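Engineer: Sharing data11.pdb, PDB, C-alpha atoms:
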MODEL        1
ATOM      1  CA  MET A   1     -52.170  11.456  75.913
ATOM      2  CA  PHE A   2     -53.745  13.745  73.279
ATOM      3  CA  SER A   3     -54.691  16.792  75.369
ATOM      4  CA  ASN A   4     -52.415  19.771  74.615
ATOM      5  CA  ARG A   5     -50.757  17.794  71.826
ATOM      6  CA  ILE A   6     -53.321  18.689  69.151
ATOM      7  CA  LYS A   7     -53.437  22.277  67.913
ATOM      8  CA  CYS A   8     -56.310  24.134  66.266
ATOM      9  CA  GLY A   9     -55.249  25.283  62.812
ATOM     10  CA  ALA A  10     -57.740  28.168  62.911
ATOM     11  CA  CYS A  11     -56.924  29.921  66.194
ATOM     12  CA  GLY A  12     -53.768  28.175  67.449
ATOM     13  CA  HIS A  13     -55.264  26.988  70.759
ATOM     14  CA  TRP A  14     -54.939  23.411  71.980
ATOM     15  CA  TYR A  15     -57.552  20.712  71.731
ATOM     16  CA  GLY A  16     -58.906  19.178  74.916
ATOM     17  CA  SER A  17     -61.053  16.151  75.707
ATOM     18  CA  LYS A  18     -64.836  16.534  76.039
ATOM     19  CA  ILE A  19     -67.495  14.018  77.039
ATOM     20  CA  TRP A  20     -70.608  14.056  74.875
ATOM     21  CA  HIS A  21     -73.913  12.527  76.074
ATOM     22  CA  SER A  22     -72.345  11.744  79.436
ATOM     23  CA  ASN A  23     -75.587  10.412  80.924
ATOM     24  CA  ASP A  24     -76.964   8.242  78.156
ATOM     25  CA  LYS A  25     -76.033   5.312  75.936
ATOM     26  CA  TYR A  26     -74.534   7.616  73.273
ATOM     27  CA  ARG A  27     -71.743   8.719  75.627
ATOM     28  CA  ARG A  28     -68.395   9.211  73.871
ATOM     29  CA  LEU A  29     -65.081  11.003  74.233
ATOM     30  CA  VAL A  30     -64.077  13.587  71.622
ATOM     31  CA  TYR A  31     -61.334  16.172  71.268
ATOM     32  CA  GLN A  32     -62.061  19.731  70.148
ATOM     33  CA  CYS A  33     -60.507  23.192  70.334
ATOM     34  CA  ASN A  34     -60.606  24.518  73.908
ATOM     35  CA  ASN A  35     -61.269  27.977  72.464
ATOM     36  CA  LYS A  36     -64.098  26.860  70.184
ATOM     37  CA  PHE A  37     -66.819  28.826  71.976
ATOM     38  CA  ALA A  38     -64.647  31.359  73.846
ATOM     39  CA  GLY A  39     -64.862  34.251  71.391
ATOM     40  CA  ALA A  40     -67.620  36.044  69.555
ATOM     41  CA  LYS A  41     -66.754  34.019  66.451
ATOM     42  CA  LYS A  42     -67.024  30.251  66.789
ATOM     43  CA  CYS A  43     -63.876  28.336  65.869
ATOM     44  CA  THR A  44     -64.533  26.332  62.692
ATOM     45  CA  THR A  45     -62.149  23.388  63.167
ATOM     46  CA  PRO A  46     -63.848  20.005  63.675
ATOM     47  CA  HIS A  47     -63.799  17.724  66.686
ATOM     48  CA  LEU A  48     -61.929  14.418  66.426
ATOM     49  CA  THR A  49     -62.515  11.075  68.072
ATOM     50  CA  GLU A  50     -59.624   9.043  69.483
ATOM     51  CA  ALA A  51     -60.050   6.600  66.589
ATOM     52  CA  GLU A  52     -59.665   9.428  64.039
ATOM     53  CA  ILE A  53     -56.551  10.766  65.771
ATOM     54  CA  GLN A  54     -55.015   7.310  65.844
ATOM     55  CA  GLU A  55     -55.900   6.611  62.223
ATOM     56  CA  ASN A  56     -54.294   9.864  61.064
ATOM     57  CA  PHE A  57     -51.198   9.132  63.114
ATOM     58  CA  VAL A  58     -50.805   5.738  61.434
ATOM     59  CA  LYS A  59     -51.101   7.392  58.003
ATOM     60  CA  VAL A  60     -48.503  10.051  58.754
ATOM     61  CA  MET A  61     -46.117   7.546  60.347
ATOM     62  CA  ASN A  62     -46.051   5.514  57.166
ATOM     63  CA  LYS A  63     -45.330   8.676  55.165
ATOM     64  CA  LEU A  64     -42.493   9.434  57.569
ATOM     65  CA  LEU A  65     -41.026   5.943  57.273
ATOM     66  CA  ARG A  66     -40.827   6.194  53.497
ATOM     67  CA  GLY A  67     -38.121   8.828  53.948
ATOM     68  CA  LYS A  68     -36.519   7.109  56.935
ATOM     69  CA  LYS A  69     -32.990   6.777  55.525
ATOM     70  CA  ASP A  70     -32.664  10.444  54.515
ATOM     71  CA  MET A  71     -34.223  11.588  57.783
ATOM     72  CA  LEU A  72     -31.749   9.627  59.902
ATOM     73  CA  GLU A  73     -28.875  11.129  57.938
ATOM     74  CA  ASN A  74     -30.285  14.645  58.446
ATOM     75  CA  ILE A  75     -30.591  14.010  62.179
ATOM     76  CA  ARG A  76     -26.976  12.862  62.296
ATOM     77  CA  LEU A  77     -25.837  16.058  60.550
ATOM     78  CA  VAL A  78     -27.932  18.296  62.795
ATOM     79  CA  ARG A  79     -26.546  16.665  65.947
ATOM     80  CA  GLU A  80     -23.027  16.930  64.577
ATOM     81  CA  GLN A  81     -23.202  20.534  63.382
ATOM     82  CA  ILE A  82     -25.967  22.395  65.216
ATOM     83  CA  CYS A  83     -25.893  20.572  68.561
ATOM     84  CA  ASP A  84     -22.113  20.705  69.006
ATOM     85  CA  THR A  85     -21.148  22.705  72.114
ATOM     86  CA  ALA A  86     -17.331  22.670  71.932
ATOM     87  CA  GLU A  87     -16.987  26.356  70.994
ATOM     88  CA  LEU A  88     -19.596  27.449  73.524
ATOM     89  CA  GLU A  89     -17.918  25.447  76.290
ATOM     90  CA  ALA A  90     -14.544  27.034  75.440
ATOM     91  CA  GLU A  91     -16.153  30.488  75.584
ATOM     92  CA  ASP A  92     -17.821  29.583  78.871
ATOM     93  CA  GLN A  93     -14.435  28.717  80.372
ATOM     94  CA  CYS A  94     -12.951  32.058  79.250
ATOM     95  CA  LEU A  95     -15.925  33.960  80.635
ATOM     96  CA  MET A  96     -15.644  32.170  83.989
ATOM     97  CA  GLU A  97     -11.980  33.139  84.223
ATOM     98  CA  GLU A  98     -12.784  36.748  83.373
ATOM     99  CA  MET A  99     -15.593  36.832  85.946
ATOM    100  CA  ASN A 100     -13.232  35.529  88.636
ATOM    101  CA  MET A 101     -10.614  38.128  87.697
ATOM    102  CA  LEU A 102     -13.124  40.974  87.817
ATOM    103  CA  SER A 103     -14.558  39.721  91.107
ATOM    104  CA  ASP A 104     -11.069  39.758  92.615
ATOM    105  CA  ARG A 105     -10.501  43.305  91.347
ATOM    106  CA  VAL A 106     -13.796  44.484  92.845
ATOM    107  CA  GLN A 107     -12.854  42.994  96.221
ATOM    108  CA  LYS A 108      -9.382  44.567  96.013
ATOM    109  CA  CYS A 109     -10.922  47.927  95.165
ATOM    110  CA  ILE A 110     -13.229  47.731  98.205
ATOM    111  CA  SER A 111     -10.402  46.601 100.477
ATOM    112  CA  GLU A 112      -8.083  49.421  99.397
ATOM    113  CA  ASN A 113     -10.816  51.996  99.949
ATOM    114  CA  ALA A 114     -11.256  50.687 103.495
ATOM    115  CA  ARG A 115      -7.531  50.867 104.261
ATOM    116  CA  ILE A 116      -6.302  53.862 102.292
ATOM    117  CA  ALA A 117      -7.758  57.353 102.276
ATOM    118  CA  GLN A 118      -8.680  58.295  98.720
ATOM    119  CA  ASP A 119     -10.985  60.489  96.712
ATOM    120  CA  GLN A 120     -14.422  58.859  96.982
ATOM    121  CA  THR A 121     -15.546  60.158  93.592
ATOM    122  CA  ASP A 122     -12.608  58.406  91.906
ATOM    123  CA  TYR A 123     -13.196  55.288  93.994
ATOM    124  CA  GLN A 124     -16.887  55.124  93.091
ATOM    125  CA  LYS A 125     -16.062  55.560  89.407
ATOM    126  CA  ARG A 126     -13.536  52.658  89.462
ATOM    127  CA  TYR A 127     -15.933  50.509  91.459
ATOM    128  CA  ASP A 128     -18.884  51.167  89.131
ATOM    129  CA  GLU A 129     -16.770  50.439  86.043
ATOM    130  CA  LEU A 130     -15.582  47.092  87.446
ATOM    131  CA  VAL A 131     -19.080  46.063  88.528
ATOM    132  CA  SER A 132     -20.483  47.089  85.142
ATOM    133  CA  ARG A 133     -17.851  44.972  83.341
ATOM    134  CA  TYR A 134     -18.573  42.049  85.656
ATOM    135  CA  GLU A 135     -22.322  42.237  85.046
ATOM    136  CA  ALA A 136     -21.782  42.386  81.269
ATOM    137  CA  VAL A 137     -19.527  39.317  81.325
ATOM    138  CA  LYS A 138     -21.936  37.481  83.643
ATOM    139  CA  GLY A 139     -24.826  38.295  81.291
ATOM    140  CA  ARG A 140     -22.940  36.752  78.380
ATOM    141  CA  HIS A 141     -21.969  33.778  80.554
ATOM    142  CA  ASP A 142     -25.627  33.153  81.425
ATOM    143  CA  GLU A 143     -26.540  33.276  77.730
ATOM    144  CA  VAL A 144     -23.796  30.778  76.843
ATOM    145  CA  VAL A 145     -24.842  28.363  79.610
ATOM    146  CA  LYS A 146     -28.454  28.579  78.432
ATOM    147  CA  SER A 147     -27.387  27.844  74.831
ATOM    148  CA  ILE A 148     -25.300  24.854  75.929
ATOM    149  CA  LYS A 149     -28.237  23.396  77.869
ATOM    150  CA  ALA A 150     -30.591  23.989  74.928
ATOM    151  CA  ARG A 151     -28.222  22.233  72.510
ATOM    152  CA  HIS A 152     -27.782  19.281  74.870
ATOM    153  CA  ALA A 153     -31.572  18.993  75.247
ATOM    154  CA  LYS A 154     -32.062  19.149  71.472
ATOM    155  CA  SER A 155     -29.384  16.512  70.957
ATOM    156  CA  GLU A 156     -31.079  14.208  73.478
ATOM    157  CA  ARG A 157     -34.487  14.684  71.805
ATOM    158  CA  LEU A 158     -33.038  13.935  68.379
ATOM    159  CA  ASP A 159     -31.188  10.902  69.718
ATOM    160  CA  GLY A 160     -34.398   9.475  71.181
ATOM    161  CA  PHE A 161     -36.215  10.261  67.945
ATOM    162  CA  ALA A 162     -33.528   8.540  65.834
ATOM    163  CA  GLN A 163     -33.482   5.457  68.048
ATOM    164  CA  ALA A 164     -37.262   5.059  67.870
ATOM    165  CA  LEU A 165     -37.229   5.599  64.104
ATOM    166  CA  THR A 166     -34.376   3.117  63.599
ATOM    167  CA  ALA A 167     -36.190   0.467  65.640
ATOM    168  CA  GLN A 168     -39.328   0.787  63.513
ATOM    169  CA  SER A 169     -39.213  -1.661  60.614
ATOM    170  CA  GLY A 170     -41.879  -2.082  57.969
ATOM    171  CA  THR A 171     -45.162  -0.197  57.897
ATOM    172  CA  VAL A 172     -47.248   0.799  60.907
ATOM    173  CA  THR A 173     -50.560  -1.056  60.931
ATOM    174  CA  GLU A 174     -52.041   0.168  64.212
ATOM    175  CA  PHE A 175     -51.689   3.007  66.689
ATOM    176  CA  ASP A 176     -48.646   2.783  68.956
ATOM    177  CA  GLU A 177     -48.708   4.999  72.058
ATOM    178  CA  GLY A 178     -44.932   4.674  72.475
ATOM    179  CA  LEU A 179     -44.293   6.023  68.971
ATOM    180  CA  TRP A 180     -46.726   8.876  69.554
ATOM    181  CA  GLU A 181     -45.004   9.906  72.792
ATOM    182  CA  THR A 182     -41.473   9.513  71.419
ATOM    183  CA  LEU A 183     -41.821  10.969  67.927
ATOM    184  CA  VAL A 184     -44.666  13.501  67.858
ATOM    185  CA  ASP A 185     -44.389  17.095  69.010
ATOM    186  CA  PHE A 186     -47.958  18.045  68.077
ATOM    187  CA  MET A 187     -50.730  17.536  65.524
ATOM    188  CA  THR A 188     -52.454  20.483  63.812
ATOM    189  CA  VAL A 189     -56.057  20.241  62.625
ATOM    190  CA  TYR A 190     -57.371  22.488  59.850
ATOM    191  CA  SER A 191     -60.242  20.268  58.741
ATOM    192  CA  LYS A 192     -61.087  16.550  58.747
ATOM    193  CA  GLU A 193     -59.253  16.238  55.431
ATOM    194  CA  ASP A 194     -56.369  18.583  56.226
ATOM    195  CA  ILE A 195     -54.257  17.561  59.216
ATOM    196  CA  SER A 196     -50.508  17.859  59.773
ATOM    197  CA  VAL A 197     -48.156  16.308  62.292
ATOM    198  CA  THR A 198     -45.002  18.088  63.491
ATOM    199  CA  PHE A 199     -42.385  15.644  64.732
ATOM    200  CA  LYS A 200     -39.791  16.273  67.425
ATOM    201  CA  ASP A 201     -37.032  16.681  64.860
ATOM    202  CA  GLY A 202     -38.963  19.603  63.302
ATOM    203  CA  THR A 203     -40.328  17.642  60.306
ATOM    204  CA  GLU A 204     -43.939  18.484  59.408
ATOM    205  CA  ILE A 205     -46.023  16.079  57.301
ATOM    206  CA  HIS A 206     -49.504  16.829  55.962
ATOM    207  CA  ILE A 207     -52.285  14.306  55.565
ATOM    208  CA  GLY A 208     -54.791  15.012  52.837
TER
ENDMDL
END
In structure tokens, how does this file's structure come out?

Structural biologist:
Amino acid sequence: MFSNRIKCGACGHWYGSKIWHSNDKYRRLVYQCNNKFAGAKKCTTPHLTEAEIQENFVKVMNKLLRGKKDMLENIRLVREQICDTAELEAEDQCLMEEMNMLSDRVQKCISENARIAQDQTDYQKRYDELVSRYEAVKGRHDEVVKSIKARHAKSERLDGFAQALTAQSGTVTEFDEGLWETLVDFMTVYSKEDISVTFKDGTEIHIG
């Protein structure tokens, strides 16, 4: 649940789980930077226990909830303005029509060359120009489709975030795995006293 969701504020690598004293009565699970001993210079960020991670999450959740009303309104505006795909979908339709037209022209060009004797230098020039135009339009089409998918995905993430936030009433008194999975993108550790949480809507809140 916490592996690859906690980032080292010193080197940017992810924290992973480690077992300390695995063969004696002091055995315990901790999380520390996976790159802590990888370089010549030891990473200085501290390890955290599950209890410390959970405690910090509870603190930051209550900070988040204090601005709940404004945050929900911001999410609504972002989904309405930034996640809207109407213009991109209209462009996608135009690009598809242009691709079909150019594809037909390429096929016609090939067919005519097979049936009618013509200068092959001129033919190759027309063919190359049509294919080049087609590839340019297809490249833009691929970009538009990718942007549409990205906006839909962002809208879905924000919708899930808003629903979970709306359902949360009052203060958080204990760690909730469902809230962690739904709301948190990642936690960044700089020191025991300086930790931030970046939420899935892009909000970052510092503890300490």

Engineer: Could you pull the residues within 12 Å of Val30 in chain A, counting only C-alpha atoms, minus those fewer than 2 positions along the same chain, as a list in words?

Structural biologist: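 Surrounding residues, per the criterion: Phe2, Ser3, Tyr15, Gly16, Ser17, Lys18, Ile19, Trp20, His21, Ser22, Arg27, Arg28, Gln32, Cys33, Asn34, Pro46, His47, Leu48, Thr49, Glu50, Ala51, Glu52 and Ile53 of chain A.
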
Engineer: Could you write those residues out with C-alpha atoms, as an mmCIF file, in the frame of the given file?

Structural biologist:
data_model
loop_
_atom_site.group_PDB
_atom_site.id
_atom_site.type_symbol
_atom_site.label_atom_id
_atom_site.label_comp_id
_atom_site.auth_asym_id
_atom_site.auth_seq_id
_atom_site.Cartn_x
_atom_site.Cartn_y
_atom_site.Cartn_z
ATOM 1 C CA PHE A 2 -53.745 13.745 73.279
ATOM 2 C CA SER A 3 -54.691 16.792 75.369
ATOM 3 C CA TYR A 15 -57.552 20.712 71.731
ATOM 4 C CA GLY A 16 -58.906 19.178 74.916
ATOM 5 C CA SER A 17 -61.053 16.151 75.707
ATOM 6 C CA LYS A 18 -64.836 16.534 76.039
ATOM 7 C CA ILE A 19 -67.495 14.018 77.039
ATOM 8 C CA TRP A 20 -70.608 14.056 74.875
ATOM 9 C CA HIS A 21 -73.913 12.527 76.074
ATOM 10 C CA SER A 22 -72.345 11.744 79.436
ATOM 11 C CA ARG A 27 -71.743 8.719 75.627
ATOM 12 C CA ARG A 28 -68.395 9.211 73.871
ATOM 13 C CA GLN A 32 -62.061 19.731 70.148
ATOM 14 C CA CYS A 33 -60.507 23.192 70.334
ATOM 15 C CA ASN A 34 -60.606 24.518 73.908
ATOM 16 C CA PRO A 46 -63.848 20.005 63.675
ATOM 17 C CA HIS A 47 -63.799 17.724 66.686
ATOM 18 C CA LEU A 48 -61.929 14.418 66.426
ATOM 19 C CA THR A 49 -62.515 11.075 68.072
ATOM 20 C CA GLU A 50 -59.624 9.043 69.483
ATOM 21 C CA ALA A 51 -60.050 6.600 66.589
ATOM 22 C CA GLU A 52 -59.665 9.428 64.039
ATOM 23 C CA ILE A 53 -56.551 10.766 65.771
#

Engineer: Hey, what's within 10 Å of Val145 in chain A if we count all atoms listed in the file and toss same-chain stuff fewer than 4 positions away? As a PDB file with C-alpha atoms, in the frame of the given file, please?

Structural biologist:
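The new file selection_19.pdb reads:
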ATOM      1  CA  LEU A  88     -19.596  27.449  73.524  1.00  0.00           C
ATOM      2  CA  GLU A  89     -17.918  25.447  76.290  1.00  0.00           C
ATOM      3  CA  GLU A  91     -16.153  30.488  75.584  1.00  0.00           C
ATOM      4  CA  ASP A  92     -17.821  29.583  78.871  1.00  0.00           C
ATOM      5  CA  ARG A 140     -22.940  36.752  78.380  1.00  0.00           C
ATOM      6  CA  HIS A 141     -21.969  33.778  80.554  1.00  0.00           C
ATOM      7  CA  LYS A 149     -28.237  23.396  77.869  1.00  0.00           C
ATOM      8  CA  ALA A 150     -30.591  23.989  74.928  1.00  0.00           C
ATOM      9  CA  ARG A 151     -28.222  22.233  72.510  1.00  0.00           C
TER      10      ARG A 151
END

Engineer: Tell me, in Å to one decimal, how far CA of Thr166 in chain A is from CA of Lys68 in chain A.

Structural biologist: 8.1 Å

Engineer: If you measure from CA of Ala10 in chain A to CA of Lys192 in chain A, what distance in Å do you get, rounded to one decimal?

Structural biologist: 12.8 Å

Engineer: Selection in question (the file shown): the PyMOL selection byres ((chain A and resi 44) around 12). Which residues does it include, as a list of chain:residue names?

Structural biologist: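 When the PyMOL selection byres ((chain A and resi 44) around 12) is applied to the shown file, the picked residues are A:Cys8, A:Gly9, A:Ala10, A:Cys11, A:Gly12, A:Gln32, A:Cys33, A:Asn35, A:Lys36, A:Phe37, A:Gly39, A:Lys41, A:Lys42, A:Cys43, A:Thr45, A:Pro46, A:His47, A:Val189, A:Tyr190, A:Ser191, A:Lys192.
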
Engineer: Translate the PyMOL selection byres ((chain A and resi 54) around 12), as applied to the file shown, into an explicit residue set as a PyMOL selection string.

Structural biologist: chain A and resi 1-2+6+48-53+55-61+172-177+179-180+187+197

Engineer: Padding 6 Å on each side, edges along x, y and z: where is the centre of the box around the listed atoms of range 90-102 of chain A, and how long are its edges in Å to one decimal? Output it as AutoDock Vina command-line options.

Structural biologist:
--center_x -14.2 --center_y 34.0 --center_z 82.0 --size_x 19.2 --size_y 25.9 --size_z 25.2

Engineer: Name the residues captured by the PyMOL selection byres ((chain A and resi 95-107) around 10) when it is applied to the shown file; answer as an MDAnalysis selection string.

Structural biologist: chainID A and resid 89:94 108:113 126:142 144

Engineer: Quick one: pull the distance between CA of Asn4 in chain A and CA of Ile75 in chain A, Å, one decimal.

Structural biologist: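 About the pair CA of Asn4 in chain A and CA of Ile75 in chain A: they are 25.8 Å apart.
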
Engineer: Rank nothing, just name the residue among A:Phe199, A:Thr188, A:Arg157, A:Glu193 nearest to His13 in chain A, using all atoms listed in the file.

Structural biologist: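 Counting all atoms listed in the file, the residue closest to His13 in chain A is A:Thr188.
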